[in-house]
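K.L.:
Sharing structure-v2.tsv here; it has TSV, C-alpha atoms.
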```tsv
chain	number	residue	atom	x	y	z
A	30	MET	CA	0.00	0.00	0.00
A	31	LYS	CA	1.02	3.53	-0.64
A	32	LEU	CA	0.18	6.62	1.39
A	33	LEU	CA	-0.96	9.57	-0.71
A	34	ARG	CA	-1.37	13.22	0.29
A	35	GLY	CA	-4.27	13.64	2.64
A	36	GLY	CA	-3.51	10.39	4.45
A	37	THR	CA	-5.35	8.08	2.01
A	38	PHE	CA	-3.99	4.59	1.48
A	39	VAL	CA	-4.32	3.05	-1.99
A	40	THR	CA	-3.46	-0.42	-3.23
A	41	GLN	CA	-1.57	-1.31	-6.41
A	42	LYS	CA	-4.92	-2.30	-7.93
A	43	ASP	CA	-6.25	1.23	-7.27
A	44	VAL	CA	-3.21	2.76	-8.99
A	45	VAL	CA	-3.55	0.44	-11.99
A	46	SER	CA	-7.26	1.13	-12.36
A	47	VAL	CA	-6.61	4.89	-12.35
A	48	ASN	CA	-3.82	4.64	-14.92
A	49	ARG	CA	-5.35	2.06	-17.25
A	50	SER	CA	-6.58	3.04	-20.67
A	51	ILE	CA	-10.26	3.73	-21.30
A	52	PHE	CA	-9.96	1.07	-24.01
A	53	TRP	CA	-10.65	-1.56	-21.34
A	54	ASP	CA	-14.07	-0.07	-20.62
A	55	SER	CA	-15.11	-0.19	-24.27
A	56	ASN	CA	-17.37	-2.62	-26.11
A	57	THR	CA	-14.47	-3.16	-28.51
A	58	ALA	CA	-12.37	-4.66	-25.72
A	59	ALA	CA	-15.30	-6.77	-24.54
A	60	ASP	CA	-15.86	-8.11	-28.07
A	61	LEU	CA	-12.16	-8.72	-28.69
A	62	PHE	CA	-11.68	-10.79	-25.55
A	63	GLY	CA	-15.06	-12.53	-25.45
A	64	PHE	CA	-16.74	-10.67	-22.58
A	65	GLU	CA	-20.26	-9.30	-22.39
A	66	HIS	CA	-20.63	-5.56	-22.88
A	67	GLY	CA	-20.43	-3.70	-19.57
A	68	THR	CA	-18.08	-6.27	-18.05
A	69	ASP	CA	-14.81	-5.10	-16.48
A	70	VAL	CA	-12.61	-6.55	-19.23
A	71	TYR	CA	-9.37	-5.54	-17.52
A	72	GLU	CA	-10.34	-7.41	-14.36
A	73	GLY	CA	-11.55	-10.36	-16.43
A	74	ILE	CA	-8.19	-10.60	-18.17
A	75	CYS	CA	-6.45	-10.48	-14.78
A	76	ILE	CA	-8.59	-13.41	-13.61
A	77	ARG	CA	-7.77	-15.36	-16.79
A	78	MET	CA	-4.07	-14.65	-16.24
A	79	LYS	CA	-4.29	-16.09	-12.72
A	80	MET	CA	-5.93	-19.25	-14.07
A	81	LEU	CA	-3.28	-19.55	-16.77
A	82	SER	CA	-0.50	-18.97	-14.25
A	83	ASP	CA	-1.91	-21.74	-12.07
A	84	ALA	CA	-2.14	-24.01	-15.13
A	85	PHE	CA	1.59	-23.82	-15.83
A	86	ASN	CA	2.71	-23.67	-12.19
A	87	CYS	CA	0.56	-26.29	-10.44
A	88	SER	CA	0.53	-29.98	-11.22
A	89	ALA	CA	-3.20	-30.49	-11.86
A	90	ALA	CA	-4.46	-26.92	-12.32
A	91	TYR	CA	-4.41	-27.28	-16.12
A	92	LYS	CA	-7.67	-29.24	-15.69
A	93	SER	CA	-9.51	-26.04	-14.77
A	94	ILE	CA	-8.89	-24.48	-18.19
A	95	VAL	CA	-9.63	-27.55	-20.30
A	96	GLU	CA	-13.15	-28.45	-21.33
A	97	GLY	CA	-14.18	-31.68	-19.66
A	98	GLY	CA	-11.56	-31.32	-16.94
A	99	GLY	CA	-8.74	-32.73	-19.03
A	100	GLU	CA	-9.78	-36.37	-18.71
A	101	ASN	CA	-7.72	-38.86	-20.76
A	102	LEU	CA	-5.06	-36.38	-21.86
A	103	THR	CA	-1.61	-37.70	-22.64
A	104	ASP	CA	1.50	-36.28	-20.97
A	105	HIS	CA	2.35	-34.68	-24.32
A	106	GLN	CA	-1.03	-32.94	-24.52
A	107	ILE	CA	-0.69	-31.70	-20.94
A	108	PHE	CA	2.76	-30.33	-21.78
A	109	HIS	CA	1.28	-28.39	-24.70
A	110	ILE	CA	-1.55	-27.02	-22.58
A	111	ARG	CA	0.98	-25.71	-20.07
A	112	GLN	CA	3.18	-24.25	-22.80
A	113	LYS	CA	0.21	-22.54	-24.45
A	114	SER	CA	-0.99	-21.25	-21.08
A	115	LEU	CA	2.36	-19.54	-20.57
A	116	TYR	CA	2.18	-18.06	-24.05
A	117	LEU	CA	-1.34	-16.71	-23.58
A	118	HIS	CA	-0.37	-15.34	-20.16
A	119	TYR	CA	2.47	-13.40	-21.83
A	120	ALA	CA	0.12	-12.13	-24.56
A	121	TYR	CA	-2.45	-10.96	-22.01
A	122	ASP	CA	0.28	-9.24	-20.00
A	123	VAL	CA	1.43	-7.31	-23.07
A	124	ALA	CA	-2.18	-6.45	-23.90
A	125	LEU	CA	-2.91	-5.10	-20.41
A	126	LYS	CA	0.18	-2.91	-20.53
A	127	LYS	CA	-0.06	-1.65	-24.10
A	128	LEU	CA	-3.46	-2.05	-25.77
A	129	GLY	CA	-5.25	1.28	-25.88
A	130	SER	CA	-2.22	3.28	-24.77
A	131	VAL	CA	-0.15	2.86	-27.92
A	132	THR	CA	-1.01	1.74	-31.42
A	133	MET	CA	-1.06	-2.00	-30.87
A	134	LYS	CA	-3.04	-4.87	-32.36
A	135	TRP	CA	-3.96	-7.98	-30.39
A	136	ILE	CA	-2.67	-10.70	-32.70
A	137	GLY	CA	-0.30	-8.62	-34.81
A	138	ASP	CA	1.55	-7.09	-31.87
A	139	CYS	CA	0.63	-8.51	-28.45
A	140	CYS	CA	0.71	-12.14	-29.54
A	141	ASN	CA	3.88	-11.71	-31.56
A	142	GLU	CA	5.58	-10.03	-28.59
A	143	ALA	CA	4.56	-13.04	-26.49
A	144	ILE	CA	6.16	-15.36	-29.07
A	145	ILE	CA	9.39	-13.36	-28.80
A	146	LYS	CA	9.31	-13.66	-24.99
A	147	MET	CA	8.73	-17.42	-25.21
A	148	ASN	CA	11.65	-17.81	-27.60
A	149	GLU	CA	13.86	-15.71	-25.30
A	150	ILE	CA	13.35	-18.21	-22.47
A	151	GLY	CA	14.21	-21.12	-24.74
A	152	MET	CA	10.80	-22.30	-25.89
A	153	ASN	CA	10.25	-22.91	-29.56
A	154	ALA	CA	7.15	-20.76	-30.07
A	155	LYS	CA	5.69	-20.24	-33.52
A	156	SER	CA	2.88	-17.91	-34.49
A	157	LEU	CA	0.31	-20.04	-36.33
A	158	PRO	CA	-0.32	-22.73	-33.68
A	159	MET	CA	-0.41	-20.04	-31.01
A	160	ILE	CA	-3.00	-17.98	-32.88
A	161	THR	CA	-5.18	-21.10	-33.07
A	162	LEU	CA	-4.73	-21.45	-29.33
A	163	ILE	CA	-5.93	-17.92	-28.70
A	164	THR	CA	-9.26	-18.53	-30.36
A	165	SER	CA	-9.75	-21.76	-28.40
A	166	LEU	CA	-8.71	-20.39	-24.98
A	167	LEU	CA	-10.29	-16.96	-25.08
A	168	THR	CA	-13.38	-18.30	-23.35
A	169	CYS	CA	-11.51	-19.73	-20.34
```
With the file now loaded, output its structure as structure tokens.

P.N.:
Amino acid sequence: MKLLRGGTFVTQKDVVSVNRSIFWDSNTAADLFGFEHGTDVYEGICIRMKMLSDAFNCSAAYKSIVEGGGENLTDHQIFHIRQKSLYLHYAYDVALKKLGSVTMKWIGDCCNEAIIKMNEIGMNAKSLPMITLITSLLTC
């Protein structure tokens, strides 16, 4: 927490919500990320990021983002779900920081920046399979 003039304490969430772009309150953002109009898209993306983070950090949490609970998945399929969860987490992070504040496009810029980050940490990320992933995971 941070103390501001006048003795008011604010949390990091308060600071982010004040500084975030009005883009996140728009119907365009809701449509782009699969939310109903009037929904807090920024908060919704943060919730998705937490689920994705759990999916690649916790042994069985991937089941919460897979339709049907991930029954009968092979180890290879689970590996790919975790890898794609990390990728989408990176893409969402870039989107939250840059969409609406600079000229950025979701797939053209945010997703490509996520691919670059994945490759920097040694993962072999390619654009086409990841774009397919986005359309399938946007409704997490």

K.L.:
To one decimal place in Å, what is the distance between CA of Glu142 (chain A) and CA of Tyr119 (chain A)?

P.N.:
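Going from CA of Glu142 (chain A) over to CA of Tyr119 (chain A) covers 8.2 Å.
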
K.L.:
Can you work out the spacing between CA of Ala143 (chain A) and CA of Leu125 (chain A) in Å, to one decimal?

P.N.:
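Between CA of Ala143 (chain A) and CA of Leu125 (chain A) the gap works out to 12.5 Å.
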
K.L.:
Using only C-alpha atoms, can you tell me which of A:Gln112, A:Ser93, A:Asn101, A:Ala120 comes closest to Ile74 (chain A)?

P.N.:
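The answer is A:Ala120, which sits nearest to Ile74 (chain A).
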
K.L.:
Just the number, please: distance in Å from CA of Arg49 (chain A) to CA of Ile110 (chain A), one decimal.

P.N.:
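The value is 29.8 Å.
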
K.L.:
Find the residues near Trp53 (chain A): any atom within 8 Å, counting all atoms listed in the file, skip ones fewer than 4 places away on the same chain, and give them as a list of chain:residue names.

P.N.:
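Near neighbours after the sequence-gap exclusion: A:Arg49, A:Ala58, A:Ala59, A:Asp69, A:Val70, A:Tyr71, A:Gly129.
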
K.L.:
Have a look at A:His109, A:Asp122, A:Ala90, A:His66 and name the one nearest to Lys146 (chain A); count only C-alpha atoms.

P.N.:
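Closest to Lys146 (chain A) of all the choices is A:Asp122.
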
K.L.:
For each of A:Met80, A:Ala89, A:Leu128, A:Val123, take the minimum atom-to-atom distance to Asn141 (chain A), counting all atoms listed in the file, then give the residue where this is smallest.

P.N.:
A:Val123

K.L.:
Which is closer to Phe62 (chain A) than all the others in A:Phe108, A:Tyr116, A:Tyr121, A:Tyr91, using all atoms listed in the file?

P.N.:
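That would be A:Tyr121, the residue with the smallest distance to Phe62 (chain A).
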
K.L.:
Could you tell me which of A:Ala154, A:Ile94, A:Glu100, A:Val131 comes closest to Ile76 (chain A) if we count all atoms listed in the file?

P.N.:
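For Ile76 (chain A), the nearest of the given residues is A:Ile94.
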
K.L.:
So that I can check the surroundings of Ile107 (chain A), please list as JSON, numbers by chain every protein, DNA and RNA residue that reaches within 10 Å of it, counting only C-alpha atoms and ignoring chain neighbours fewer than 5 positions away.

P.N.:
{"A": [84, 85, 88, 89, 91, 92, 95, 99, 102, 112, 113]}

K.L.:
So, with all atoms listed in the file as the atoms that count, which of A:Thr103, A:Met152, A:Thr132, A:Glu96 lies closest to Leu115 (chain A)?

P.N.:
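Of A:Thr103, A:Met152, A:Thr132, A:Glu96, the one nearest Leu115 (chain A), counting all atoms listed in the file, is A:Met152.
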
K.L.:
Where's the centre, and what are the edge lengths in Å to one decimal, of a box along x, y and z enclosing all listed atoms of region 139-156 of chain A padded 3 Å per side, as JSON?

P.N.:
```
{"center_x": 7.4, "center_y": -15.7, "center_z": -28.5, "size_x": 19.6, "size_y": 20.4, "size_z": 18.0}
```

K.L.:
Could you please fill out region 78-114 of chain A with N, CA and C atoms and send it back as a PDB file, in the frame of the given file?

P.N.:
```
ATOM      1  N   MET A  78      -5.522 -14.496 -16.413  1.00  0.00           N
ATOM      2  CA  MET A  78      -4.070 -14.650 -16.240  1.00  0.00           C
ATOM      3  C   MET A  78      -3.744 -15.475 -14.999  1.00  0.00           C
ATOM      4  N   LYS A  79      -4.502 -15.298 -13.938  1.00  0.00           N
ATOM      5  CA  LYS A  79      -4.290 -16.090 -12.720  1.00  0.00           C
ATOM      6  C   LYS A  79      -4.551 -17.564 -13.003  1.00  0.00           C
ATOM      7  N   MET A  80      -5.629 -17.861 -13.722  1.00  0.00           N
ATOM      8  CA  MET A  80      -5.930 -19.250 -14.070  1.00  0.00           C
ATOM      9  C   MET A  80      -4.827 -19.850 -14.935  1.00  0.00           C
ATOM     10  N   LEU A  81      -4.347 -19.077 -15.888  1.00  0.00           N
ATOM     11  CA  LEU A  81      -3.280 -19.550 -16.770  1.00  0.00           C
ATOM     12  C   LEU A  81      -1.981 -19.757 -16.000  1.00  0.00           C
ATOM     13  N   SER A  82      -1.689 -18.841 -15.090  1.00  0.00           N
ATOM     14  CA  SER A  82      -0.500 -18.970 -14.250  1.00  0.00           C
ATOM     15  C   SER A  82      -0.569 -20.253 -13.421  1.00  0.00           C
ATOM     16  N   ASP A  83      -1.725 -20.508 -12.835  1.00  0.00           N
ATOM     17  CA  ASP A  83      -1.910 -21.740 -12.070  1.00  0.00           C
ATOM     18  C   ASP A  83      -1.711 -22.959 -12.971  1.00  0.00           C
ATOM     19  N   ALA A  84      -2.222 -22.880 -14.209  1.00  0.00           N
ATOM     20  CA  ALA A  84      -2.140 -24.010 -15.130  1.00  0.00           C
ATOM     21  C   ALA A  84      -0.705 -24.410 -15.449  1.00  0.00           C
ATOM     22  N   PHE A  85       0.202 -23.439 -15.538  1.00  0.00           N
ATOM     23  CA  PHE A  85       1.590 -23.820 -15.830  1.00  0.00           C
ATOM     24  C   PHE A  85       2.449 -23.927 -14.593  1.00  0.00           C
ATOM     25  N   ASN A  86       1.926 -23.567 -13.426  1.00  0.00           N
ATOM     26  CA  ASN A  86       2.710 -23.670 -12.190  1.00  0.00           C
ATOM     27  C   ASN A  86       2.301 -24.794 -11.256  1.00  0.00           C
ATOM     28  N   CYS A  87       1.069 -25.275 -11.363  1.00  0.00           N
ATOM     29  CA  CYS A  87       0.560 -26.290 -10.440  1.00  0.00           C
ATOM     30  C   CYS A  87       0.296 -27.591 -11.187  1.00  0.00           C
ATOM     31  N   SER A  88       0.549 -28.688 -10.539  1.00  0.00           N
ATOM     32  CA  SER A  88       0.530 -29.980 -11.220  1.00  0.00           C
ATOM     33  C   SER A  88      -0.803 -30.330 -11.891  1.00  0.00           C
ATOM     34  N   ALA A  89      -1.926 -30.083 -11.278  1.00  0.00           N
ATOM     35  CA  ALA A  89      -3.200 -30.490 -11.860  1.00  0.00           C
ATOM     36  C   ALA A  89      -4.096 -29.311 -12.237  1.00  0.00           C
ATOM     37  N   ALA A  90      -3.616 -28.093 -12.078  1.00  0.00           N
ATOM     38  CA  ALA A  90      -4.460 -26.920 -12.320  1.00  0.00           C
ATOM     39  C   ALA A  90      -4.820 -26.745 -13.795  1.00  0.00           C
ATOM     40  N   TYR A  91      -4.076 -27.365 -14.706  1.00  0.00           N
ATOM     41  CA  TYR A  91      -4.410 -27.280 -16.120  1.00  0.00           C
ATOM     42  C   TYR A  91      -5.836 -27.782 -16.365  1.00  0.00           C
ATOM     43  N   LYS A  92      -6.334 -28.664 -15.510  1.00  0.00           N
ATOM     44  CA  LYS A  92      -7.670 -29.240 -15.690  1.00  0.00           C
ATOM     45  C   LYS A  92      -8.759 -28.180 -15.625  1.00  0.00           C
ATOM     46  N   SER A  93      -8.495 -27.084 -14.920  1.00  0.00           N
ATOM     47  CA  SER A  93      -9.510 -26.040 -14.770  1.00  0.00           C
ATOM     48  C   SER A  93      -9.692 -25.209 -16.031  1.00  0.00           C
ATOM     49  N   ILE A  94      -8.760 -25.277 -16.974  1.00  0.00           N
ATOM     50  CA  ILE A  94      -8.890 -24.480 -18.190  1.00  0.00           C
ATOM     51  C   ILE A  94      -9.193 -25.331 -19.416  1.00  0.00           C
ATOM     52  N   VAL A  95      -9.369 -26.645 -19.189  1.00  0.00           N
ATOM     53  CA  VAL A  95      -9.630 -27.550 -20.300  1.00  0.00           C
ATOM     54  C   VAL A  95     -11.072 -28.043 -20.202  1.00  0.00           C
ATOM     55  N   GLU A  96     -11.773 -27.962 -21.305  1.00  0.00           N
ATOM     56  CA  GLU A  96     -13.150 -28.450 -21.330  1.00  0.00           C
ATOM     57  C   GLU A  96     -13.173 -29.928 -20.969  1.00  0.00           C
ATOM     58  N   GLY A  97     -14.078 -30.292 -20.090  1.00  0.00           N
ATOM     59  CA  GLY A  97     -14.180 -31.680 -19.660  1.00  0.00           C
ATOM     60  C   GLY A  97     -13.199 -32.040 -18.559  1.00  0.00           C
ATOM     61  N   GLY A  98     -12.482 -31.064 -18.044  1.00  0.00           N
ATOM     62  CA  GLY A  98     -11.560 -31.320 -16.940  1.00  0.00           C
ATOM     63  C   GLY A  98     -10.280 -32.029 -17.318  1.00  0.00           C
ATOM     64  N   GLY A  99     -10.008 -32.143 -18.596  1.00  0.00           N
ATOM     65  CA  GLY A  99      -8.740 -32.730 -19.030  1.00  0.00           C
ATOM     66  C   GLY A  99      -8.645 -34.236 -18.882  1.00  0.00           C
ATOM     67  N   GLU A 100      -9.787 -34.905 -18.839  1.00  0.00           N
ATOM     68  CA  GLU A 100      -9.780 -36.370 -18.710  1.00  0.00           C
ATOM     69  C   GLU A 100      -9.115 -36.997 -19.941  1.00  0.00           C
ATOM     70  N   ASN A 101      -8.343 -38.050 -19.708  1.00  0.00           N
ATOM     71  CA  ASN A 101      -7.720 -38.860 -20.760  1.00  0.00           C
ATOM     72  C   ASN A 101      -6.704 -38.120 -21.626  1.00  0.00           C
ATOM     73  N   LEU A 102      -6.108 -37.071 -21.104  1.00  0.00           N
ATOM     74  CA  LEU A 102      -5.060 -36.380 -21.860  1.00  0.00           C
ATOM     75  C   LEU A 102      -3.728 -37.112 -21.676  1.00  0.00           C
ATOM     76  N   THR A 103      -2.937 -37.109 -22.731  1.00  0.00           N
ATOM     77  CA  THR A 103      -1.610 -37.700 -22.640  1.00  0.00           C
ATOM     78  C   THR A 103      -0.661 -36.702 -21.981  1.00  0.00           C
ATOM     79  N   ASP A 104       0.486 -37.173 -21.542  1.00  0.00           N
ATOM     80  CA  ASP A 104       1.500 -36.280 -20.970  1.00  0.00           C
ATOM     81  C   ASP A 104       1.904 -35.217 -21.991  1.00  0.00           C
ATOM     82  N   HIS A 105       1.989 -35.614 -23.252  1.00  0.00           N
ATOM     83  CA  HIS A 105       2.350 -34.680 -24.320  1.00  0.00           C
ATOM     84  C   HIS A 105       1.305 -33.573 -24.458  1.00  0.00           C
ATOM     85  N   GLN A 106       0.029 -33.929 -24.410  1.00  0.00           N
ATOM     86  CA  GLN A 106      -1.030 -32.940 -24.520  1.00  0.00           C
ATOM     87  C   GLN A 106      -1.020 -31.984 -23.314  1.00  0.00           C
ATOM     88  N   ILE A 107      -0.767 -32.527 -22.141  1.00  0.00           N
ATOM     89  CA  ILE A 107      -0.690 -31.700 -20.940  1.00  0.00           C
ATOM     90  C   ILE A 107       0.478 -30.717 -21.046  1.00  0.00           C
ATOM     91  N   PHE A 108       1.610 -31.199 -21.558  1.00  0.00           N
ATOM     92  CA  PHE A 108       2.760 -30.330 -21.780  1.00  0.00           C
ATOM     93  C   PHE A 108       2.388 -29.158 -22.681  1.00  0.00           C
ATOM     94  N   HIS A 109       1.669 -29.452 -23.770  1.00  0.00           N
ATOM     95  CA  HIS A 109       1.280 -28.390 -24.700  1.00  0.00           C
ATOM     96  C   HIS A 109       0.288 -27.421 -24.084  1.00  0.00           C
ATOM     97  N   ILE A 110      -0.606 -27.908 -23.256  1.00  0.00           N
ATOM     98  CA  ILE A 110      -1.550 -27.020 -22.580  1.00  0.00           C
ATOM     99  C   ILE A 110      -0.782 -26.055 -21.678  1.00  0.00           C
ATOM    100  N   ARG A 111       0.186 -26.579 -20.952  1.00  0.00           N
ATOM    101  CA  ARG A 111       0.980 -25.710 -20.070  1.00  0.00           C
ATOM    102  C   ARG A 111       1.798 -24.699 -20.876  1.00  0.00           C
ATOM    103  N   GLN A 112       2.391 -25.145 -21.956  1.00  0.00           N
ATOM    104  CA  GLN A 112       3.180 -24.250 -22.800  1.00  0.00           C
ATOM    105  C   GLN A 112       2.282 -23.146 -23.380  1.00  0.00           C
ATOM    106  N   LYS A 113       1.122 -23.513 -23.854  1.00  0.00           N
ATOM    107  CA  LYS A 113       0.210 -22.540 -24.450  1.00  0.00           C
ATOM    108  C   LYS A 113      -0.363 -21.601 -23.384  1.00  0.00           C
ATOM    109  N   SER A 114      -0.519 -22.107 -22.170  1.00  0.00           N
ATOM    110  CA  SER A 114      -0.990 -21.250 -21.080  1.00  0.00           C
ATOM    111  C   SER A 114       0.029 -20.160 -20.778  1.00  0.00           C
TER     112      SER A 114
END
```
